[in-house]
Amino acid sequence: TAWLPDLILGVLGTAAFLLDLGADLWAAGQYALSGRYLWAALVLALLVLASVALQLFSWVWLRADPVGLHESQPPGRCLALLHFLQLGYLYRCLQGLQQGLLVWQQEEPSEFDLAYADFLSLDISMLRLFETFLETTPQLTLGLAIVLQSGRAEYYQWLSICTSFLGISWALLDYHQALRTCLPSKPLLSLGSSVIYFLWNLLLLGPRVLAVALFSALFPHYVALHFLGLWLVLLLWIWLQGTEVMPGPASEWLYRATVATILYFSWFNVSEGHTRGRATIHLAFLLSDSVLLVVTWVTHSTWLPVGIPLHMWLPLAGVCLLLGLALRLVYYRWLHPSCRWEPDRVDGARSLFPLPHSQLPQNRRMIHLARNFFPKAKDQAALSGKGEVNGVL
């Protein structure tokens with residue numbers, strides 16, 4: 001019974017992904033039928049690039065998982081074919097639902113079944129977050145830019161925009177709940193903190209998307225240069241922080257490139273220590289860039305059609321920004337818990353648990369990110385000091 005809400009959320013998350021995918025394909029088809037081939041090509045290009053990245057992440061993680069962990073999976077060649085056909089993420093969603101249904105049907109599920117269900121759901125949550133910022137958020141930005149440039153919105157455009165917001169909202173909430181699963185002391189994180197976390201992320205993301213969409217509508221040929229310039233700066237910043245999440249150097253650069261894309265739109269913590277300083281730097285950087293984009297629109301606003309009520313959108317975006325900043329301060333001041341992290345739960349350096357527990361599957365990738373997201377308790381941080389390197393005691 002306890003797993004029923006998680007199972008329902010898994011079904012809804014998979015349905016939201018399929019709905020968003022269908023809406024984007026429908027929008028691309030409508031653009032092509034109306035002769036707007038460039039817009040259709042851009043929508044499909046974003047879909048393909050994001051899908052390829054997701055399949056790479058999924059495949060690399062499967063290859064890096066312990067031998068014998070996924071006993072019920074098809075042979076390696078079948079898995080490779082699924083990922084080549086861009087079905088790896090959807091397969092993972094169905095596998096997670098199958099394992100969740102198995103746990104729910106058992107009166108007393110084994111510890112391994114419970115841990116394995118958590119393992120699968122954590123990977124799905126991380127992949128869903130990556131898909132959100134690699135495909136859904138850029139699709140939302142592109143859709144808004146097209147509406148701003150054309151001066152009107154068709155019904156399929158509104159459907160694509162609404163499903164994009166739904167996908168972003170679901171991914172943010174799901175990711176926060178996944179981080180909660182990794183907490184050593186789960187009661188520390190309440191439902192209220194999840195709601196506040198979801199709201200401040202969404203309220204800060206909305207004005208950023210609008211600013212980039214305005215710039216894209218005015219200067220469609222320069223937005224790629226703008227993104228590439230900021231993306232390279234953010235990629236360098238991530239590299240200087242020395243991330244160690246993926247199993248190999250090549251896949252680590254894929255992770256860094258993906259996180260740089262996330263940081264272009266929103267905040268994502270990638271390493272331990274000095275989180276407040278890094279978050280402040282990133283916020284100031286993003287706000288400065290967004291203000292410059294809006295100022296550019298103000299000086300060239302006559303280029304856009306008159307049918308778009310930007311005199312209402314921009315003040316609303318400003319209110320969302322201020323409210324998001326206030327909720328972010330509230331969250332980190334009163335609702336963000338600190339935890340006592342066990343070293344082996346992150347890197348598996350040595351076991352501190354009894355033998356039966358040490359054999360249970362643990363998703364070290366997500367635990368590593370949760371360790372970055374939730375700081376150590378002050379007394380534990382003071383004891384760690386110089387004895388800790390890369391999160392391992």
# chains A, B, ... in the order shown; residues from 1 in each chain; ligands from 1
$ residues_around --residues "Ala23 in chain A" --least-positions-apart "3" --cutoff "12 Å" --atoms "only C-alpha atoms" --output "PyMOL selection string"
chain A and resi 16-20+26-30+43-44+47+136+139-140+143+155-164+166-167
$ closest_residue --among "A:His282, A:His176, A:His311, A:Arg36" --to "Leu234 in chain A" --atoms "only C-alpha atoms"
A:His282
$ select_by_dssp --residues "range 132-316 of chain A" --states "helix (DSSP H, G or I)" --output "PyMOL selection string"
chain A and resi 132-150+155-181+186-188+191-218+223-240+249-265+275-299+301-303+310-316
$ residues_around --residues "Arg77 in chain A" --least-positions-apart "6" --cutoff "12 Å" --atoms "only C-alpha atoms" --output "ChimeraX atom specification"
/A:59,83-84
$ decode --residues "range 201-257 of chain A" --atoms "C-alpha atoms" --output "compact mmCIF listing (two decimals), in the first residue's frame"
# COMPACT_ATOMS: atom_id res chain seq x y z
CA ASN A 201 12.44 27.02 -9.30
CA LEU A 202 9.42 27.55 -11.55
CA LEU A 203 9.04 31.25 -10.71
CA LEU A 204 12.71 31.93 -11.47
CA LEU A 205 12.70 29.78 -14.59
CA GLY A 206 9.70 31.54 -16.16
CA PRO A 207 11.27 35.03 -16.46
CA ARG A 208 14.51 33.50 -17.74
CA VAL A 209 12.68 31.62 -20.48
CA LEU A 210 10.74 34.76 -21.43
CA ALA A 211 13.94 36.86 -21.65
CA VAL A 212 15.64 34.32 -23.91
CA ALA A 213 12.46 33.97 -26.00
CA LEU A 214 12.30 37.75 -26.50
CA PHE A 215 15.91 37.83 -27.67
CA SER A 216 15.27 34.84 -29.95
CA ALA A 217 12.26 36.54 -31.53
CA LEU A 218 14.23 39.73 -32.18
CA PHE A 219 17.55 38.22 -33.22
CA PRO A 220 16.95 34.59 -34.27
CA HIS A 221 20.36 34.42 -35.97
CA TYR A 222 22.27 35.50 -32.86
CA VAL A 223 20.58 33.47 -30.13
CA ALA A 224 22.76 30.45 -30.96
CA LEU A 225 25.90 32.57 -30.46
CA HIS A 226 24.49 33.89 -27.19
CA PHE A 227 23.77 30.38 -25.93
CA LEU A 228 27.16 29.03 -27.06
CA GLY A 229 29.06 31.88 -25.39
CA LEU A 230 27.33 31.46 -22.03
CA TRP A 231 27.38 27.68 -22.29
CA LEU A 232 31.18 27.64 -22.73
CA VAL A 233 31.63 29.89 -19.69
CA LEU A 234 29.36 27.66 -17.60
CA LEU A 235 31.12 24.53 -18.88
CA LEU A 236 34.48 25.95 -17.79
CA TRP A 237 33.04 26.79 -14.38
CA ILE A 238 31.75 23.24 -13.94
CA TRP A 239 35.09 21.76 -15.01
CA LEU A 240 36.92 23.92 -12.45
CA GLN A 241 34.69 22.45 -9.73
CA GLY A 242 35.99 18.96 -10.54
CA THR A 243 32.80 16.93 -10.95
CA GLU A 244 33.06 13.14 -10.55
CA VAL A 245 29.65 11.63 -11.27
CA MET A 246 30.08 9.49 -14.38
CA PRO A 247 32.17 6.29 -14.72
CA GLY A 248 34.59 7.60 -17.38
CA PRO A 249 36.18 10.83 -18.68
CA ALA A 250 34.13 10.95 -21.90
CA SER A 251 30.82 10.40 -20.12
CA GLU A 252 31.86 12.93 -17.47
CA TRP A 253 32.16 15.58 -20.19
CA LEU A 254 28.68 14.61 -21.41
CA TYR A 255 27.42 15.20 -17.87
CA ARG A 256 29.23 18.55 -17.64
CA ALA A 257 27.82 19.66 -21.00
